[in-house]
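Novice: Supplied in structure tokens, the structure appears directly below.
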Amino acid sequence: MRSRRILAAVIATAALAGLGLTGAATATAATAQGVPSVVSPSQCREGGGTPRIDLPGNPCVGGTYDGQAVD
């Protein structure tokens with residue numbers, strides 16, 4: 001009888017831990033989608049990139065905002 005309670009507690013703990021990991025993955029995905037599609041020249045530089053307004057689409061080249069349009 002005692003072993004059943006222990007087993008139930010272990011299963012419940014594992015299930016809750018799994019839900020916590022799923023929530024963390026969802027939060028990470030939502031954060032990744034929050035990257036702006038247009039950045040300022042200073043944001044591009046701060047992210048380690050170079051604003052290339054001489055290229056078509058005015059991209060930020062390199063760094064965090066690589067490929068994003070520079071406004």
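By order of appearance in the structure tokens: chains A, B, ..., then residues from 1 within every chain, and ligands from 1 in the order shown.
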Need to verify the contact set: Pro59 of chain A, 10 Å, only C-alpha atoms, exclusion of same-chain residues closer than 2 positions in sequence. Can you return it as an MDAnalysis selection string?
Specialist: chainID A and resid 38:39 41 44 49:57 61:62 65:71
